[in-house]
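Engineer: Following this line is run-v3.pdb, made up of PDB, C-alpha atoms:
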MODEL        1
ATOM      1  CA  MET S   1     -29.096  36.620 -12.986
ATOM      2  CA  THR S   2     -26.129  36.098 -15.302
ATOM      3  CA  THR S   3     -27.200  34.869 -18.733
ATOM      4  CA  TYR S   4     -25.322  33.229 -21.589
ATOM      5  CA  ILE S   5     -25.419  36.428 -23.652
ATOM      6  CA  ASN S   6     -23.932  38.403 -20.736
ATOM      7  CA  LEU S   7     -21.106  35.881 -20.410
ATOM      8  CA  HIS S   8     -20.302  35.458 -24.104
ATOM      9  CA  GLY S   9     -21.733  38.539 -25.810
ATOM     10  CA  GLN S  10     -24.020  36.569 -28.113
ATOM     11  CA  GLN S  11     -27.086  34.359 -28.123
ATOM     12  CA  ILE S  12     -26.853  30.566 -28.275
ATOM     13  CA  GLU S  13     -26.172  29.735 -31.922
ATOM     14  CA  ILE S  14     -28.585  27.689 -34.010
ATOM     15  CA  ARG S  15     -26.617  25.785 -36.658
ATOM     16  CA  SER S  16     -26.826  22.664 -38.799
ATOM     17  CA  ALA S  17     -23.361  21.354 -37.833
ATOM     18  CA  ASP S  18     -21.042  21.522 -34.838
ATOM     19  CA  PRO S  19     -18.442  24.329 -35.062
ATOM     20  CA  ALA S  20     -15.014  23.287 -36.318
ATOM     21  CA  ASN S  21     -13.091  25.121 -33.589
ATOM     22  CA  PRO S  22     -15.324  25.722 -30.568
ATOM     23  CA  THR S  23     -14.087  27.509 -27.453
ATOM     24  CA  VAL S  24     -14.534  26.332 -23.871
ATOM     25  CA  GLY S  25     -17.930  27.489 -22.609
ATOM     26  CA  GLN S  26     -19.463  27.823 -26.076
ATOM     27  CA  ILE S  27     -23.017  26.438 -26.463
ATOM     28  CA  TRP S  28     -25.014  25.842 -29.657
ATOM     29  CA  TYR S  29     -28.130  24.057 -30.897
ATOM     30  CA  ASN S  30     -27.525  21.521 -33.686
ATOM     31  CA  THR S  31     -30.642  21.357 -35.871
ATOM     32  CA  THR S  32     -29.436  18.230 -37.686
ATOM     33  CA  SER S  33     -29.187  16.153 -34.500
ATOM     34  CA  SER S  34     -31.827  18.188 -32.616
ATOM     35  CA  ALA S  35     -29.439  18.515 -29.682
ATOM     36  CA  LEU S  36     -28.186  21.296 -27.446
ATOM     37  CA  LYS S  37     -24.414  21.001 -27.272
ATOM     38  CA  GLY S  38     -21.471  22.663 -25.557
ATOM     39  CA  TYR S  39     -17.695  22.585 -25.402
ATOM     40  CA  LYS S  40     -16.209  21.926 -21.959
ATOM     41  CA  PHE S  41     -13.340  20.416 -20.003
ATOM     42  CA  VAL S  42     -13.834  16.663 -19.509
ATOM     43  CA  ALA S  43     -11.882  14.393 -17.152
ATOM     44  CA  GLY S  44     -12.514  10.714 -16.527
ATOM     45  CA  TRP S  45     -11.615   7.042 -16.812
ATOM     46  CA  ALA S  46     -12.192   4.750 -19.823
ATOM     47  CA  THR S  47     -11.854   0.973 -20.034
ATOM     48  CA  GLY S  48      -8.557  -0.422 -21.328
ATOM     49  CA  GLY S  49      -7.342  -3.942 -22.099
ATOM     50  CA  ASN S  50      -7.492  -6.525 -19.297
ATOM     51  CA  LEU S  51      -4.436  -8.013 -17.638
ATOM     52  CA  ASN S  52      -3.803 -11.639 -18.557
ATOM     53  CA  THR S  53      -3.579 -12.544 -14.864
ATOM     54  CA  GLY S  54      -5.608 -10.996 -12.039
ATOM     55  CA  ARG S  55      -3.242  -9.279  -9.613
ATOM     56  CA  GLY S  56      -3.763  -7.923  -6.132
ATOM     57  CA  PHE S  57      -1.237  -5.465  -4.641
ATOM     58  CA  VAL S  58       0.367  -5.189  -8.067
ATOM     59  CA  GLY S  59       3.321  -2.911  -8.699
ATOM     60  CA  GLY S  60       3.265  -0.523 -11.644
ATOM     61  CA  ALA S  61       5.661   1.624 -13.666
ATOM     62  CA  GLY S  62       5.882   3.502 -16.945
ATOM     63  CA  THR S  63       3.312   5.484 -18.920
ATOM     64  CA  GLN S  64      -0.268   4.979 -20.071
ATOM     65  CA  THR S  65       0.892   3.545 -23.407
ATOM     66  CA  GLU S  66       4.070   1.811 -22.158
ATOM     67  CA  ALA S  67       3.309   0.403 -18.725
ATOM     68  CA  LEU S  68       4.737  -2.401 -16.632
ATOM     69  CA  ALA S  69       2.816  -4.592 -14.146
ATOM     70  CA  VAL S  70       5.074  -6.263 -11.605
ATOM     71  CA  SER S  71       4.455  -9.422  -9.584
ATOM     72  CA  ALA S  72       1.851  -9.549  -6.814
ATOM     73  CA  VAL S  73      -0.931 -11.930  -7.708
ATOM     74  CA  ASN S  74      -3.113 -13.301  -4.917
ATOM     75  CA  THR S  75      -0.325 -15.497  -3.592
ATOM     76  CA  ALA S  76       3.047 -14.513  -4.993
ATOM     77  CA  SER S  77       4.502 -14.491  -8.462
ATOM     78  CA  THR S  78       7.526 -13.782 -10.607
ATOM     79  CA  ALA S  79       5.365 -12.774 -13.592
ATOM     80  CA  SER S  80       5.315  -9.308 -15.129
ATOM     81  CA  GLU S  81       3.222  -7.882 -17.988
ATOM     82  CA  GLU S  82       3.686  -5.022 -20.451
ATOM     83  CA  TYR S  83       0.950  -2.671 -21.758
ATOM     84  CA  ASN S  84       1.042  -0.945 -25.160
ATOM     85  CA  GLY S  85      -1.981   1.303 -24.705
ATOM     86  CA  SER S  86      -4.531  -1.346 -25.654
ATOM     87  CA  ALA S  87      -3.382  -4.822 -24.593
ATOM     88  CA  TRP S  88      -1.152  -6.588 -22.056
ATOM     89  CA  THR S  89       1.480  -9.159 -23.040
ATOM     90  CA  ALA S  90       3.825 -11.303 -20.960
ATOM     91  CA  GLY S  91       7.085  -9.688 -19.871
ATOM     92  CA  GLY S  92      10.196 -11.158 -18.268
ATOM     93  CA  SER S  93       9.944 -13.019 -14.961
ATOM     94  CA  LEU S  94      11.389 -11.704 -11.708
ATOM     95  CA  THR S  95      14.135 -13.860 -10.235
ATOM     96  CA  THR S  96      12.449 -13.863  -6.785
ATOM     97  CA  ASN S  97       8.913 -15.122  -6.177
ATOM     98  CA  ARG S  98       7.159 -12.451  -4.070
ATOM     99  CA  LYS S  99       4.127 -10.206  -3.579
ATOM    100  CA  GLY S 100       3.523  -6.675  -2.264
ATOM    101  CA  THR S 101       6.462  -5.347  -4.274
ATOM    102  CA  GLY S 102       7.161  -1.652  -4.792
ATOM    103  CA  SER S 103       8.008  -0.608  -8.340
ATOM    104  CA  THR S 104       8.932   2.452 -10.377
ATOM    105  CA  GLY S 105      10.756   3.528 -13.539
ATOM    106  CA  THR S 106       9.737   2.760 -17.111
ATOM    107  CA  GLN S 107       8.735  -0.271 -19.162
ATOM    108  CA  THR S 108      12.296  -0.668 -20.436
ATOM    109  CA  ALA S 109      14.081   0.480 -17.266
ATOM    110  CA  GLY S 110      11.987  -0.717 -14.356
ATOM    111  CA  LEU S 111      12.811  -1.160 -10.680
ATOM    112  CA  ALA S 112      11.177  -3.591  -8.242
ATOM    113  CA  MET S 113      11.929  -3.514  -4.507
ATOM    114  CA  GLY S 114      10.899  -5.292  -1.340
ATOM    115  CA  GLY S 115       7.923  -7.581  -0.956
ATOM    116  CA  GLN S 116       6.868 -10.731   0.861
ATOM    117  CA  ILE S 117       8.345 -14.144   0.106
ATOM    118  CA  PRO S 118       5.924 -16.943   1.130
ATOM    119  CA  PRO S 119       4.960 -17.778   3.663
ATOM    120  CA  LEU S 120       5.898 -14.771   5.854
ATOM    121  CA  ALA S 121       9.423 -13.615   5.072
ATOM    122  CA  THR S 122       9.816  -9.959   4.111
ATOM    123  CA  THR S 123      12.595  -9.029   1.717
ATOM    124  CA  GLY S 124      14.602  -5.978   0.729
ATOM    125  CA  ALA S 125      15.709  -7.566  -2.546
ATOM    126  CA  THR S 126      15.801  -5.272  -5.584
ATOM    127  CA  GLU S 127      15.607  -6.180  -9.259
ATOM    128  CA  GLU S 128      16.129  -4.125 -12.421
ATOM    129  CA  TYR S 129      14.280  -4.604 -15.727
ATOM    130  CA  ASP S 130      15.658  -3.805 -19.179
ATOM    131  CA  GLY S 131      12.491  -4.438 -21.169
ATOM    132  CA  THR S 132      13.240  -8.146 -21.534
ATOM    133  CA  SER S 133      14.654  -9.598 -18.346
ATOM    134  CA  TRP S 134      15.153  -8.886 -14.642
ATOM    135  CA  THR S 135      18.551  -8.857 -12.921
ATOM    136  CA  THR S 136      19.512  -8.518  -9.269
ATOM    137  CA  GLY S 137      20.274  -5.052  -7.909
ATOM    138  CA  GLY S 138      21.310  -3.755  -4.489
ATOM    139  CA  THR S 139      19.380  -4.836  -1.386
ATOM    140  CA  MET S 140      17.402  -2.367   0.728
ATOM    141  CA  ALA S 141      18.667  -1.861   4.281
ATOM    142  CA  THR S 142      15.122  -2.257   5.660
ATOM    143  CA  ALA S 143      13.288  -5.355   4.454
ATOM    144  CA  ARG S 144       9.583  -4.585   3.975
ATOM    145  CA  ARG S 145       6.513  -5.200   1.860
ATOM    146  CA  TYR S 146       3.957  -2.735   0.493
ATOM    147  CA  VAL S 147       6.770  -0.211   0.103
ATOM    148  CA  ALA S 148       5.737   3.051  -1.600
ATOM    149  CA  SER S 149       8.040   4.043  -4.421
ATOM    150  CA  CYS S 150       8.786   6.624  -7.105
ATOM    151  CA  GLY S 151      11.577   7.889  -9.322
ATOM    152  CA  THR S 152      13.622   6.031 -11.918
ATOM    153  CA  GLN S 153      15.782   2.912 -12.108
ATOM    154  CA  THR S 154      18.937   4.899 -11.429
ATOM    155  CA  SER S 155      17.369   7.473  -9.108
ATOM    156  CA  GLY S 156      14.687   5.654  -7.148
ATOM    157  CA  LEU S 157      12.964   6.251  -3.826
ATOM    158  CA  GLY S 158      11.414   3.663  -1.503
ATOM    159  CA  PHE S 159       9.580   4.624   1.697
ATOM    160  CA  SER S 160       7.105   3.365   4.320
ATOM    161  CA  GLY S 161       5.881  -0.249   4.271
ATOM    162  CA  ARG S 162       5.171  -3.149   6.605
ATOM    163  CA  LEU S 163       7.966  -4.940   8.427
ATOM    164  CA  THR S 164       8.400  -8.704   8.746
ATOM    165  CA  PRO S 165       5.151 -10.443   9.859
ATOM    166  CA  PRO S 166       3.671 -11.370  12.253
ATOM    167  CA  THR S 167       4.590  -7.959  13.704
ATOM    168  CA  ALA S 168       2.122  -5.181  12.925
ATOM    169  CA  LEU S 169       4.859  -2.564  12.844
ATOM    170  CA  SER S 170       5.063  -0.114   9.973
ATOM    171  CA  SER S 171       8.158   1.673   8.722
ATOM    172  CA  ALA S 172       9.043   5.355   8.498
ATOM    173  CA  ALA S 173      12.319   4.621   6.710
ATOM    174  CA  THR S 174      13.190   6.177   3.354
ATOM    175  CA  GLU S 175      15.896   4.834   1.057
ATOM    176  CA  GLU S 176      17.420   6.223  -2.129
ATOM    177  CA  TYR S 177      18.692   4.087  -5.020
ATOM    178  CA  ASP S 178      21.456   5.161  -7.422
ATOM    179  CA  GLY S 179      21.251   2.238  -9.836
ATOM    180  CA  THR S 180      23.591   0.116  -7.738
ATOM    181  CA  SER S 181      22.912   0.487  -4.032
ATOM    182  CA  TRP S 182      20.507   1.978  -1.484
ATOM    183  CA  THR S 183      21.377   4.697   1.038
ATOM    184  CA  ALA S 184      19.340   6.083   3.914
ATOM    185  CA  GLY S 185      17.208   9.156   3.339
ATOM    186  CA  GLY S 186      15.100  11.187   5.750
ATOM    187  CA  ASN S 187      12.373   9.406   7.691
ATOM    188  CA  LEU S 188       8.682  10.092   7.247
ATOM    189  CA  ALA S 189       7.084  12.061  10.085
ATOM    190  CA  ALA S 190       5.173   8.922  11.094
ATOM    191  CA  ALA S 191       5.683   5.226  10.443
ATOM    192  CA  ARG S 192       2.970   3.892   8.158
ATOM    193  CA  ARG S 193       2.097   1.337   5.515
ATOM    194  CA  TYR S 194      -0.377   1.103   2.604
ATOM    195  CA  VAL S 195       0.844   4.552   1.467
ATOM    196  CA  GLY S 196       0.274   5.970  -2.015
ATOM    197  CA  GLY S 197       3.358   7.377  -3.687
ATOM    198  CA  CYS S 198       4.593   9.170  -6.806
ATOM    199  CA  GLY S 199       7.098  11.789  -7.926
ATOM    200  CA  THR S 200      10.888  11.692  -8.120
ATOM    201  CA  GLN S 201      13.783  10.951  -5.774
ATOM    202  CA  THR S 202      14.243  14.638  -4.977
ATOM    203  CA  ALA S 203      10.555  15.598  -5.124
ATOM    204  CA  GLY S 204       8.569  12.652  -3.799
ATOM    205  CA  LEU S 205       4.994  12.488  -2.546
ATOM    206  CA  GLY S 206       3.456  10.097  -0.002
ATOM    207  CA  PHE S 207      -0.223  10.162   0.959
ATOM    208  CA  GLY S 208      -2.682   8.234   3.110
ATOM    209  CA  GLY S 209      -1.945   4.906   4.761
ATOM    210  CA  ILE S 210      -2.180   3.278   8.175
ATOM    211  CA  ASN S 211      -0.024   4.352  11.105
ATOM    212  CA  PRO S 212      -0.885   2.030  14.034
ATOM    213  CA  PRO S 213      -1.180   2.154  16.981
ATOM    214  CA  SER S 214      -2.567   5.695  16.574
ATOM    215  CA  SER S 215      -6.313   6.145  16.571
ATOM    216  CA  PRO S 216      -7.802   6.344  14.050
ATOM    217  CA  SER S 217      -5.098   4.297  12.393
ATOM    218  CA  THR S 218      -6.003   5.381   8.852
ATOM    219  CA  THR S 219      -4.576   8.786   8.014
ATOM    220  CA  ASN S 220      -5.247  11.644   5.597
ATOM    221  CA  SER S 221      -1.672  12.920   5.851
ATOM    222  CA  THR S 222       0.339  13.964   2.817
ATOM    223  CA  GLU S 223       4.104  14.379   2.983
ATOM    224  CA  GLU S 224       6.517  15.906   0.460
ATOM    225  CA  TYR S 225      10.172  14.880   0.066
ATOM    226  CA  ASN S 226      12.897  17.278  -1.112
ATOM    227  CA  GLY S 227      15.742  14.791  -1.425
ATOM    228  CA  SER S 228      16.661  14.826   2.256
ATOM    229  CA  THR S 229      13.612  15.531   4.463
ATOM    230  CA  TRP S 230       9.842  15.087   4.478
ATOM    231  CA  THR S 231       7.500  17.983   5.270
ATOM    232  CA  ALA S 232       3.725  18.146   5.645
ATOM    233  CA  GLY S 233       1.668  18.768   2.508
ATOM    234  CA  GLY S 234      -2.046  19.333   2.043
ATOM    235  CA  ASN S 235      -4.203  16.655   3.671
ATOM    236  CA  LEU S 236      -6.411  14.299   1.710
ATOM    237  CA  PRO S 237     -10.120  15.210   1.996
ATOM    238  CA  SER S 238     -10.605  12.139   4.231
ATOM    239  CA  GLU S 239      -8.620   9.327   5.852
ATOM    240  CA  LYS S 240      -7.673   6.698   3.265
ATOM    241  CA  GLU S 241      -5.339   3.758   2.792
ATOM    242  CA  ARG S 242      -4.170   1.578  -0.117
ATOM    243  CA  MET S 243      -4.352   4.392  -2.657
ATOM    244  CA  SER S 244      -2.365   4.354  -5.883
ATOM    245  CA  GLY S 245      -0.680   7.326  -7.473
ATOM    246  CA  CYS S 246       1.081   8.689 -10.537
ATOM    247  CA  GLY S 247       2.506  12.003 -11.679
ATOM    248  CA  ILE S 248       4.833  14.403  -9.879
ATOM    249  CA  GLN S 249       4.842  16.198  -6.527
ATOM    250  CA  THR S 250       3.130  19.314  -7.877
ATOM    251  CA  ALA S 251       0.793  17.529 -10.300
ATOM    252  CA  ALA S 252      -0.214  14.164  -8.840
ATOM    253  CA  LEU S 253      -3.142  11.814  -9.368
ATOM    254  CA  GLY S 254      -4.268   9.653  -6.423
ATOM    255  CA  PHE S 255      -6.993   7.060  -6.857
ATOM    256  CA  GLY S 256      -8.724   4.021  -5.396
ATOM    257  CA  GLY S 257      -8.102   2.763  -1.878
ATOM    258  CA  THR S 258     -10.431   2.271   1.018
ATOM    259  CA  PRO S 259     -12.874   3.663   1.845
ATOM    260  CA  SER S 260     -14.237   5.217  -1.403
ATOM    261  CA  PRO S 261     -12.511   2.830  -3.853
ATOM    262  CA  GLN S 262     -13.691   4.732  -6.960
ATOM    263  CA  GLU S 263     -12.554   8.158  -5.756
ATOM    264  CA  THR S 264      -9.940  10.004  -7.820
ATOM    265  CA  LEU S 265      -8.079  13.070  -6.533
ATOM    266  CA  LYS S 266      -5.673  15.611  -8.018
ATOM    267  CA  TYR S 267      -2.853  17.320  -6.102
ATOM    268  CA  ASP S 268      -1.364  20.657  -7.183
ATOM    269  CA  GLY S 269       1.456  20.854  -4.673
ATOM    270  CA  SER S 270      -0.694  22.245  -1.880
ATOM    271  CA  SER S 271      -4.205  20.765  -1.933
ATOM    272  CA  TRP S 272      -6.290  17.844  -3.241
ATOM    273  CA  THR S 273      -9.433  18.192  -5.374
ATOM    274  CA  THR S 274     -11.873  15.598  -6.693
ATOM    275  CA  THR S 275     -11.926  14.592 -10.365
ATOM    276  CA  GLY S 276     -13.587  11.832 -12.450
ATOM    277  CA  SER S 277     -14.303   8.577 -10.589
ATOM    278  CA  LEU S 278     -12.960   5.151 -11.504
ATOM    279  CA  ASN S 279     -15.538   2.917 -13.193
ATOM    280  CA  ILE S 280     -14.652  -0.063 -10.987
ATOM    281  CA  GLY S 281     -14.021   0.205  -7.261
ATOM    282  CA  VAL S 282     -11.552  -2.262  -5.737
ATOM    283  CA  PRO S 283     -12.264  -2.184  -1.967
ATOM    284  CA  GLN S 284      -8.970  -3.840  -1.032
ATOM    285  CA  GLY S 285      -7.148  -1.236  -3.087
ATOM    286  CA  PHE S 286      -3.589  -1.038  -4.366
ATOM    287  CA  ARG S 287      -4.229  -0.969  -8.053
ATOM    288  CA  GLY S 288      -1.138  -0.811 -10.215
ATOM    289  CA  SER S 289      -0.454   2.684 -11.537
ATOM    290  CA  ALA S 290       1.478   4.416 -14.301
ATOM    291  CA  GLY S 291       1.510   7.696 -16.196
ATOM    292  CA  THR S 292       0.905  11.310 -15.225
ATOM    293  CA  GLN S 293      -1.789  13.442 -13.621
ATOM    294  CA  THR S 294      -3.501  14.038 -16.964
ATOM    295  CA  VAL S 295      -2.742  10.711 -18.699
ATOM    296  CA  GLY S 296      -2.906   8.003 -16.041
ATOM    297  CA  LEU S 297      -3.362   4.242 -15.864
ATOM    298  CA  ALA S 298      -4.927   1.976 -13.216
ATOM    299  CA  PHE S 299      -4.829  -1.822 -13.380
ATOM    300  CA  GLY S 300      -5.398  -4.910 -11.283
ATOM    301  CA  GLY S 301      -6.281  -4.872  -7.605
ATOM    302  CA  ASP S 302      -7.048  -7.250  -4.773
ATOM    303  CA  PRO S 303      -8.489  -9.842  -5.049
ATOM    304  CA  ALA S 304      -7.227 -10.921  -8.503
ATOM    305  CA  VAL S 305      -8.735  -8.065 -10.548
ATOM    306  CA  THR S 306      -7.821  -8.007 -14.265
ATOM    307  CA  SER S 307      -9.403  -4.695 -15.319
ATOM    308  CA  THR S 308      -7.460  -1.717 -16.675
ATOM    309  CA  GLU S 309      -8.668   1.881 -16.808
ATOM    310  CA  GLU S 310      -7.161   4.874 -18.597
ATOM    311  CA  TYR S 311      -7.490   8.425 -17.258
ATOM    312  CA  SER S 312      -7.468  11.445 -19.538
ATOM    313  CA  GLU S 313      -8.250  15.155 -19.472
ATOM    314  CA  ALA S 314      -9.297  17.133 -22.511
ATOM    315  CA  ASN S 315     -11.659  19.751 -23.864
ATOM    316  CA  GLY S 316     -14.534  18.120 -25.728
ATOM    317  CA  THR S 317     -18.047  18.490 -27.116
ATOM    318  CA  VAL S 318     -20.867  17.283 -24.887
ATOM    319  CA  THR S 319     -24.609  16.968 -25.429
ATOM    320  CA  PHE S 320     -26.889  18.473 -22.815
ATOM    321  CA  THR S 321     -29.913  16.383 -21.805
ATOM    322  CA  THR S 322     -32.792  17.026 -19.405
TER     323      THR S 322
ENDMDL
END
Show me, as C-alpha cells, the structure contained in the file I just sent.
Structural biologist:
Amino acid sequence: MTTYINLHGQQIEIRSADPANPTVGQIWYNTTSSALKGYKFVAGWATGGNLNTGRGFVGGAGTQTEALAVSAVNTASTASEEYNGSAWTAGGSLTTNRKGTGSTGTQTAGLAMGGQIPPLATTGATEEYDGTSWTTGGTMATARRYVASCGTQTSGLGFSGRLTPPTALSSAATEEYDGTSWTAGGNLAAARRYVGGCGTQTAGLGFGGINPPSSPSTTNSTEEYNGSTWTAGGNLPSEKERMSGCGIQTAALGFGGTPSPQETLKYDGSSWTTTGSLNIGVPQGFRGSAGTQTVGLAFGGDPAVTSTEEYSEANGTVTFTT
C-alpha cells in the first residue's frame, strides 16, 4: 500500500502553525488547533449578491466582477442590471420589451439579440450597450428566442433557438455580427433550442438542448464552431437542456439545466468532467452567466430567482475530519 512517506519522502509534520508556503498534497498536524490539515486544489461555488429583480431566462455577459444581466424576467422586461463583484445595481433599459434574449460581450460593450415580445411574437432585434444606454443594432435574419450566443459586441455569434410560437420548431441557423449587421454562418448539425453556449465568433461552443421531434428530444451533443462550420465535440455525460455556459471553446464551464440543476461541468476541448456543484438548483434552468472556466458567475433563473453564485478554482488549506 502506498503511504504518505512513500509519496512525499517524509512523515506527516507535527507543527504549531500552518506552513507559510505549503505545496499541493502536503499534510500536517496543527497542535494549536488540534487539527489534521492539508493543501489541495479546491473548486466550487460561493454565494454572491442577489439581483434586485428575480429573472427567469436571463441573458448574461461580462466577467465575474463586471457582469451584465439582460432582460428576461418572468414576463418580459427592458431592465438590465450590472454586477461589481458583490452587488447588483440598475443599468440602462433596453429599447424593446422582451424575454428569452441572447446576450454576450462585456458590461460596457454588451450585445442583446432575439427574444419574445408579448404575447407571442418572436424578434430578431439587436441592441448594443455602452455601459449606460442601449441603442438599436442590426436585425437578425432569423427571428427567434432562447438564442445561444457568444463573442463580443463587434464580433458576435448567435445560434439555435426557438422560432415564432405556437410552432414547436427549433432553429439550426447560425449568424455572425460585425458590430453593424448579421450574416449567415454555418448551420448546426441539428436544429435545437435551450442550448448552452460560450466561446468566440471563430471558436464557439454549443452544448445540450432539445431537438424535437427526435426521441429522446433532449440531447447530450456538443458542437464546436470554427468560424464557418460546426463539428461534433465531446458529448455531455448525460442528456441536458437549459444549461448556461462561460469561458472559451477549449476551457468552458457548463452549469445548471435540467435534469441535474446543480451539476457543473468543465470542457477541455475534447471531453467534459464534473466539478463543484451549484449551491442552488434551478430546475427550469437558464441562469445568466459570465466569466471564465475558472472564475465564473451564475445568476437568476426561472421562475424569478434572484440568487447569484461565484465559481472559483484555487489551491487552499483544508481541515480533514472523520
Engineer: Pick out the residues sitting within 9 Å of segment 20-30 of chain S, and hand them over as JSON, numbers by chain; count all atoms listed in the file, and ignore anything fewer than 5 positions along from it in its own chain.
Structural biologist: {"S": [4, 8, 11, 12, 13, 14, 15, 35, 36, 37, 38, 39, 40, 41, 315, 316, 317]}
Engineer: Would you mind listing what lies within 12 Å of Gln249 of chain S as a PyMOL selection string, with all atoms listed in the file counted and same-chain residues fewer than 5 positions away left out?
Structural biologist: chain S and resi 150-151+197-207+222-226+233-234+254+266-272+292-293
Engineer: Would you mind reading off the distance between atom CA of Thr123 of chain S and atom CA of Arg242 of chain S, one decimal, in Å?
Structural biologist: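 Going from atom CA of Thr123 of chain S over to atom CA of Arg242 of chain S, I get 19.9 Å.
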Engineer: Which of these residues is nearest to Arg193 of chain S, using only C-alpha atoms: S:Ala67, S:Ala232, S:Ala148, S:Ile280?
Structural biologist: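 The closest residue to Arg193 of chain S is S:Ala148.
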Engineer: Just how far from atom CA of Thr219 of chain S is atom CA of Ser238 of chain S, in Å to one decimal?
Structural biologist: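 Atom CA of Thr219 of chain S lies at a distance of 7.9 Å from atom CA of Ser238 of chain S.
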Engineer: Mind telling me what the PyMOL selection byres ((chain S and resi 57) around 8) catches here, as a list in words?
Structural biologist: Arg55, Gly56, Val58, Gly59, Ala72, Val73, Lys99, Gly100, Thr101, Tyr146, Gly285, Phe286, Arg287, Gly288, Gly300, Gly301 and Asp302 of chain S
Engineer: Given the choices S:Thr231, S:Asn50, S:Thr32, S:Ser133, which gets closest to Ser80 of chain S if the distance is worked out from only C-alpha atoms?
Structural biologist: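 For Ser80 of chain S, the nearest of the candidates is S:Ser133.
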Engineer: Once you count all atoms listed in the file, which residues end up no further than 10 Å from (11.4, 3.0, -4.8) in the file's frame, shown as a VMD selection string?
Structural biologist: chain S and resid 101 to 105 111 to 114 126 140 147 to 153 155 to 159 174 to 177 182 197 to 198 200 to 201
Engineer: Of the residues S:Gln116, S:Thr229, S:Glu82, S:Gly209, which is the one nearest to Gly60 of chain S, using only C-alpha atoms?
Structural biologist: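 Counting only C-alpha atoms, the residue closest to Gly60 of chain S is S:Glu82.
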Engineer: Between atom CA of Trp230 of chain S and atom CA of Arg144 of chain S, what distance in Å does the model show, to one decimal?
Structural biologist: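 For atom CA of Trp230 of chain S relative to atom CA of Arg144 of chain S, the distance reads 19.7 Å.
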Engineer: Could you tell me which of S:Ala46, S:Val305, S:Val295, S:Leu51 comes closest to Leu68 of chain S if we count only C-alpha atoms?
Structural biologist: S:Leu51
